[in-house]
Amino acid sequence: MPPIAKWIGGIILIPLVVLFMYMAATTGEWIHYTLVTLMTLLVLGGVVMFMYMQIDLNDRGIHLKIRPVIRLQRSFLWEDIAEVTPKKGSALYGWGIRFMGDGWGYLFGGKQMLQVRLRNGKTRYFTTDHGIEIVDAFRRWQAK
């Protein structure tokens with residue numbers, strides 16, 4: 001679990017539990033609010049704690065799948081990529097999906113950050129533990 005997930009848990013989940021407990025104490029509906037609290041903890045906590053990014057390389061390009069959010073996928077075809085370069089300081093950028101100034105970043109706890117410049121002028125960033133392998137795969141594709 002990434003360190004930011006603990007902060008999200010503290011910022012979102014703990015105040016929700018306190019709110020539901022307050023509402024249960026003031027309204028007297030303990031069973032109702034206990035069930036709501038447990039469901040909220042299971043759903044939000046499960047999504048945050050188990051979210052990860054899967055990176056697949058094949059002969060067509062780089063494919064990112066962010067799970068358990070089922071429909072969140074991004075593909076970068078080799079012919080659409082102009083340059084793949086490793087960047088330093090991935091730990092400084094945090095965790096999640098965010099705008100990085102000149103492009104979108106998909107940052108999910110990898111030790112290395114890659115900058116992918118697309119031929120259409122857009123830039124994408126993502127973190128991975130296998131940055132060198134991805135750069136090498138792109139260079140092999142370019143050599144063909």
# chains A, B, ... in the order shown; residues from 1 in each chain; ligands from 1
call {"tool": "select_by_dssp", "arguments": {"residues": "stretch 36-144 of chain A", "states": "strand (DSSP E or B)", "output": "MDAnalysis selection string"}}
result
chainID A and resid 52:57 61:67 73:77 81:87 96:99 103:107 112:118 123:128
call {"tool": "write_last_selection", "arguments": {"atoms": "N, CA and C atoms", "output": "compact mmCIF listing (two decimals), in the first residue's frame"}}
result
# COMPACT_ATOMS: atom_id res chain seq x y z
N TYR A 52 -3.85 -0.11 -8.05
CA TYR A 52 -2.50 -0.27 -8.58
C TYR A 52 -2.55 -0.07 -10.09
N MET A 53 -1.39 0.09 -10.68
CA MET A 53 -1.29 0.25 -12.12
C MET A 53 -0.50 -0.92 -12.69
N GLN A 54 -1.08 -1.54 -13.71
CA GLN A 54 -0.42 -2.64 -14.41
C GLN A 54 0.08 -2.12 -15.74
N ILE A 55 1.35 -2.37 -16.05
CA ILE A 55 1.94 -1.92 -17.31
C ILE A 55 2.26 -3.15 -18.14
N ASP A 56 1.71 -3.17 -19.36
CA ASP A 56 1.97 -4.27 -20.28
C ASP A 56 2.70 -3.73 -21.50
N LEU A 57 3.75 -4.43 -21.90
CA LEU A 57 4.49 -4.12 -23.12
C LEU A 57 4.24 -5.22 -24.13
N GLY A 61 2.92 -1.54 -28.33
CA GLY A 61 3.22 -0.38 -27.50
C GLY A 61 3.14 -0.64 -26.01
N ILE A 62 2.88 0.44 -25.28
CA ILE A 62 2.78 0.41 -23.82
C ILE A 62 1.31 0.54 -23.46
N HIS A 63 0.84 -0.33 -22.57
CA HIS A 63 -0.57 -0.31 -22.16
C HIS A 63 -0.64 -0.21 -20.65
N LEU A 64 -1.33 0.82 -20.16
CA LEU A 64 -1.50 1.03 -18.72
C LEU A 64 -2.93 0.65 -18.35
N LYS A 65 -3.06 -0.12 -17.29
CA LYS A 65 -4.38 -0.47 -16.75
C LYS A 65 -4.35 -0.14 -15.27
N ILE A 66 -5.28 0.70 -14.85
CA ILE A 66 -5.34 1.08 -13.45
C ILE A 66 -6.50 0.32 -12.82
N ARG A 67 -6.18 -0.50 -11.86
CA ARG A 67 -7.15 -1.37 -11.21
C ARG A 67 -7.27 -1.00 -9.74
N GLN A 73 -7.98 2.74 -18.66
CA GLN A 73 -6.88 2.17 -19.44
C GLN A 73 -6.33 3.22 -20.38
N ARG A 74 -5.04 3.17 -20.59
CA ARG A 74 -4.39 4.06 -21.55
C ARG A 74 -3.41 3.23 -22.37
N SER A 75 -3.38 3.47 -23.66
CA SER A 75 -2.44 2.79 -24.55
C SER A 75 -1.63 3.82 -25.31
N PHE A 76 -0.34 3.55 -25.40
CA PHE A 76 0.57 4.40 -26.17
C PHE A 76 1.25 3.50 -27.20
N LEU A 77 0.83 3.62 -28.45
CA LEU A 77 1.40 2.80 -29.51
C LEU A 77 2.79 3.29 -29.86
N ILE A 81 4.68 7.32 -30.36
CA ILE A 81 5.64 7.81 -29.37
C ILE A 81 6.86 8.39 -30.08
N ALA A 82 7.22 9.62 -29.71
CA ALA A 82 8.42 10.25 -30.27
C ALA A 82 9.64 9.97 -29.41
N GLU A 83 9.45 9.91 -28.08
CA GLU A 83 10.60 9.76 -27.19
C GLU A 83 10.14 9.22 -25.84
N VAL A 84 10.94 8.34 -25.26
CA VAL A 84 10.73 7.83 -23.90
C VAL A 84 12.00 8.09 -23.12
N THR A 85 11.89 8.88 -22.06
CA THR A 85 13.08 9.21 -21.27
C THR A 85 12.79 9.01 -19.78
N PRO A 86 13.76 8.44 -19.06
CA PRO A 86 13.60 8.32 -17.60
C PRO A 86 13.77 9.69 -16.93
N LYS A 87 13.02 9.92 -15.89
CA LYS A 87 13.10 11.16 -15.11
C LYS A 87 13.48 10.82 -13.68
N GLY A 96 -1.23 8.84 -7.74
CA GLY A 96 -2.52 9.11 -8.35
C GLY A 96 -2.38 9.60 -9.77
N ILE A 97 -3.46 10.14 -10.30
CA ILE A 97 -3.48 10.69 -11.65
C ILE A 97 -3.57 12.20 -11.51
N ARG A 98 -2.64 12.90 -12.15
CA ARG A 98 -2.63 14.36 -12.00
C ARG A 98 -2.01 15.02 -13.21
N PHE A 99 -2.30 16.31 -13.34
CA PHE A 99 -1.69 17.11 -14.41
C PHE A 99 -0.34 17.58 -13.91
N GLY A 103 1.71 17.79 -19.11
CA GLY A 103 1.03 16.56 -19.50
C GLY A 103 0.51 15.81 -18.29
N TRP A 104 -0.26 14.79 -18.55
CA TRP A 104 -0.86 14.01 -17.47
C TRP A 104 0.12 12.97 -16.95
N GLY A 105 0.07 12.74 -15.64
CA GLY A 105 0.91 11.75 -15.01
C GLY A 105 0.09 10.66 -14.36
N TYR A 106 0.53 9.42 -14.52
CA TYR A 106 -0.09 8.25 -13.91
C TYR A 106 0.94 7.70 -12.93
N LEU A 107 0.79 8.07 -11.66
CA LEU A 107 1.83 7.86 -10.66
C LEU A 107 1.32 6.90 -9.59
N GLN A 112 10.81 4.51 -10.53
CA GLN A 112 11.31 5.34 -11.62
C GLN A 112 10.13 6.02 -12.32
N MET A 113 10.39 7.19 -12.86
CA MET A 113 9.37 7.88 -13.63
C MET A 113 9.84 7.96 -15.08
N LEU A 114 8.91 7.68 -15.99
CA LEU A 114 9.20 7.81 -17.41
C LEU A 114 8.39 8.95 -17.99
N GLN A 115 9.03 9.70 -18.86
CA GLN A 115 8.35 10.76 -19.61
C GLN A 115 8.18 10.24 -21.04
N VAL A 116 6.95 10.23 -21.50
CA VAL A 116 6.64 9.75 -22.85
C VAL A 116 6.15 10.95 -23.65
N ARG A 117 6.94 11.35 -24.64
CA ARG A 117 6.54 12.44 -25.54
C ARG A 117 5.92 11.82 -26.77
N LEU A 118 4.69 12.22 -27.04
CA LEU A 118 3.97 11.68 -28.18
C LEU A 118 4.21 12.55 -29.41
N THR A 123 2.50 15.16 -23.72
CA THR A 123 3.46 14.49 -22.86
C THR A 123 2.70 13.71 -21.80
N ARG A 124 3.15 12.51 -21.51
CA ARG A 124 2.58 11.69 -20.45
C ARG A 124 3.71 11.21 -19.56
N TYR A 125 3.41 11.04 -18.29
CA TYR A 125 4.36 10.54 -17.30
C TYR A 125 3.74 9.33 -16.62
N PHE A 126 4.56 8.37 -16.28
CA PHE A 126 4.10 7.29 -15.43
C PHE A 126 5.26 6.69 -14.67
N THR A 127 4.91 6.15 -13.50
CA THR A 127 5.93 5.54 -12.65
C THR A 127 5.92 4.03 -12.87
N THR A 128 7.10 3.45 -12.70
CA THR A 128 7.25 2.02 -12.91
C THR A 128 8.49 1.54 -12.16
call {"tool": "residues_around", "arguments": {"residues": "A:Leu41", "least_positions_apart": "4", "cutoff": "10 Å", "atoms": "only C-alpha atoms", "output": "ChimeraX atom specification"}}
result
/A:9,12-14,16-17,35-37,45-47
call {"tool": "closest_residue", "arguments": {"among": "A:Leu44, A:Tyr22, A:Pro15, A:Lys88", "to": "A:Pro68", "atoms": "only C-alpha atoms"}}
result
A:Leu44
call {"tool": "atom_distance", "arguments": {"atom1": "atom CA of A:Gln142", "atom2": "atom CA of A:Gly110"}}
result
25.0 Å
call {"tool": "closest_residue", "arguments": {"among": "A:Phe108, A:Trp95, A:Trp78, A:Phe20", "to": "A:Ala143", "atoms": "only C-alpha atoms"}}
result
A:Trp78
call {"tool": "atom_distance", "arguments": {"atom1": "atom CA of A:Ala25", "atom2": "atom CA of A:Ile11"}}
result
21.9 Å
call {"tool": "closest_residue", "arguments": {"among": "A:Arg60, A:Lys111, A:Lys144, A:His32", "to": "A:His130", "atoms": "only C-alpha atoms"}}
result
A:Lys111
